[in-house]
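Undergrad: Before I ask anything, here is the structure I am working with.
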Amino acid sequence: MSTAAVTDKRPGSLSGARLPKWSPWAIAAGSVAVAVGIGLGAGLHSEVQWGLIAAILFVLGTYGITARVEGRRQAKDRVATSLVWVAFLLAVVPLVSLAWTTLSRGVKVLDVYFLTHSMGIVADTETGGGIYHALIGSLEQVGLATLMGAPVGVLTAIYLVEYGRGRLARSVTFFVDVMTGIPSIVAGLFILSLMLILELEPFGFAGSLALAILMMPVVVRSTEEMLKLVPNELREASLALGVPKWRTILKVVLPTAIGGITTGVMLAIARIAGETAPVLLLVFGNPFINNDPFEGAQASLPLYIYQQYAAGGDPAYDRAWAASLTLIAFVMILNLVARGIARWKSPR
């Protein structure tokens with residue numbers, strides 16, 4: 001029997017009719033064409049409205065055509081698949097639009113001069129200037145926060161997974177859950193209250209303290225999940241050989257989970273690298289280069305972006321977009337490094 005004859009059979013036969021593999025693409029193309037026609041006919045000028053109409057037509061068309069050819073049961077399966085694709089596109093389109101807008105507007109002034117000079121005596125309304133002072137501030141503040149927050153988070157996760165029992169462990173878990181959801185401004189206000197009590201002026205390390213508070217619960221949660229994935233058989237085999245528990249954790253558990261732990265730390269760094277509120281409260285901003293995070297106000301990339309956009313004017317807007325592109329590139333590099341380390345250190 002030929003393939004065409006099998007394809008033309010009705011759903012009630014032994015081998016029911018099947019839509020060709022290219023049918024979803026054809027339905028999608030038809031939905032887009034009909035949506036554009038409806039949009040033009042109804043006077044809708046927004047591509048977002050056209051896209052929503054096309055998505056609805058795609059789901060309805062998938063169900064109608066599949067139900068007629070393959071039956072209602074298979075139609076429900078294809079509708080579920082089409083809804084997944086629609087949700088994926090709804091998530092990807094804004095992301096791509098944001099990345100393209102930042103890239104197209106950020107490359108206007110992003111060059112070596114922009115990366116190696118500070119604002120200095122350049123006014124916000126004038127052309128020129130750069131982000132060197134903000135880069136130095138962000139690297140120092142995020143680096144100090146990582147040195148404080150990452151070890152505390154990893155050790156806390158080790159306690160919860162390997163030793164934690166009873167009321168203390170439940171209390172620590174509860175407070176970690178609470179800290180995960182606190183706004184960044186709350187961490188900044190906490191450190192600011194301590195600065196007011198001690199009568200301290202704004203300085204970079206104060207921002208690092210607030211960023212470390214925001215970083216610790218993320219590290220705890222990610223490390224805790226990675227440690228739980230380590231098979232108990234490895235722990236039991238090590239303990240059966242007479243190895244102390246602390247040495248088992250150090251030599252067996254941590255090396256097995258080091259890839260996931262590193263990924264969690266990198267993601268936590270990427271999370272705090274874009275915080276603006278704590279830096280605005282505690283570091284205060286500085287147009288000049290300040291390499292000492294323990295004395296005097298400092299700048300940071302998120303704060304620089306906020307200040308330039310608030311200043312207004314085309315030169316300031318261009319600098320804000322270029323700094324945003326630099327920050328996105330920094331976060332992307334961190335994620336790529338995390339993925340590389342996770343793949344390198346993953347158990348074979």
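Identifiers for the structure tokens are assigned positionally: chains receive A, B, ... in sequence, residues are indexed from 1 per chain, and ligands are indexed from 1 in the order shown.
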For Gly296 (chain A), work out the shell of residues within 8 Å, counting only C-alpha atoms and skipping chain neighbours fewer than 2 positions away, then give it as number ranges by chain.

TA: A: 201-204, 290, 292-294, 298

Undergrad: Just C-alpha atoms for this one: save the residues we selected as an mmCIF file, in the first residue's frame.

TA:
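The result, stored in result36.cif:
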```
data_model
loop_
_atom_site.group_PDB
_atom_site.id
_atom_site.type_symbol
_atom_site.label_atom_id
_atom_site.label_comp_id
_atom_site.auth_asym_id
_atom_site.auth_seq_id
_atom_site.Cartn_x
_atom_site.Cartn_y
_atom_site.Cartn_z
ATOM 1 C CA GLU A 201 30.419 58.294 55.822
ATOM 2 C CA PRO A 202 29.439 56.450 52.607
ATOM 3 C CA PHE A 203 32.128 54.047 51.380
ATOM 4 C CA GLY A 204 32.356 51.067 49.053
ATOM 5 C CA ASN A 290 38.411 55.798 43.928
ATOM 6 C CA ASP A 292 39.926 52.307 48.014
ATOM 7 C CA PRO A 293 36.601 50.643 48.934
ATOM 8 C CA PHE A 294 37.183 51.339 52.639
ATOM 9 C CA GLN A 298 32.529 55.033 45.082
#
```

Undergrad: Which polymer residues have any atom within 7 Å of an atom of Trp321 (chain A), counting only C-alpha atoms, with same-chain residues fewer than 4 positions away left out, as a list in words?

TA: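 Once the adjacent positions are removed, what remains is Thr102, Arg105, Gly106, Tyr317 and Leu325 of chain A.
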
Undergrad: Would you save the residues of that selection, restricted to C-alpha atoms, as a JSON list (two decimals), in the first residue's frame?

TA:
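Final output, saved to again20.json:
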```
[["chain", "number", "residue", "atom", "x", "y", "z"],
["A", 102, "THR", "CA", 20.55, 47.56, 24.38],
["A", 105, "ARG", "CA", 21.92, 51.84, 21.41],
["A", 106, "GLY", "CA", 24.88, 50.82, 23.55],
["A", 317, "TYR", "CA", 21.37, 58.44, 27.55],
["A", 325, "LEU", "CA", 25.50, 46.76, 27.57]]
```

Undergrad: Which is closer to Thr127 (chain A) than all the others in A:Ile272, A:Val86, A:Val220, A:Phe114, using only C-alpha atoms?

TA: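 Closest candidate: A:Phe114.
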
Undergrad: Just checking: using only C-alpha atoms, which residue out of A:Val93, A:Val186, A:Ala123, A:Leu250 ends up closest to Val48 (chain A)?

TA: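 The shortest atom-to-atom distance to Val48 (chain A) comes from A:Val93.
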
Undergrad: Need the shell around Leu327 (chain A): protein/DNA/RNA residues with any atom at most 9 Å away, counting only C-alpha atoms. Skip same-chain ones fewer than 2 positions apart. Format as a list in words?

TA: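 Non-adjacent residues within range: Ala273, Gly274, Leu301, Pro302, Ala322, Ala323, Ser324, Leu325, Ala329, Phe330, Val331 and Met332 of chain A.
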
Undergrad: CA of Arg165 (chain A) and CA of Ile269 (chain A), how far apart in Å?

TA: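 Going from CA of Ile269 (chain A) over to CA of Arg165 (chain A) covers 29.4 Å.
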
Undergrad: Between CA of Leu209 (chain A) and CA of Gln141 (chain A), what is the distance in Å, rounded to a tenth?

TA: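 Answer for the CA of Leu209 (chain A) to CA of Gln141 (chain A) separation: 8.6 Å.
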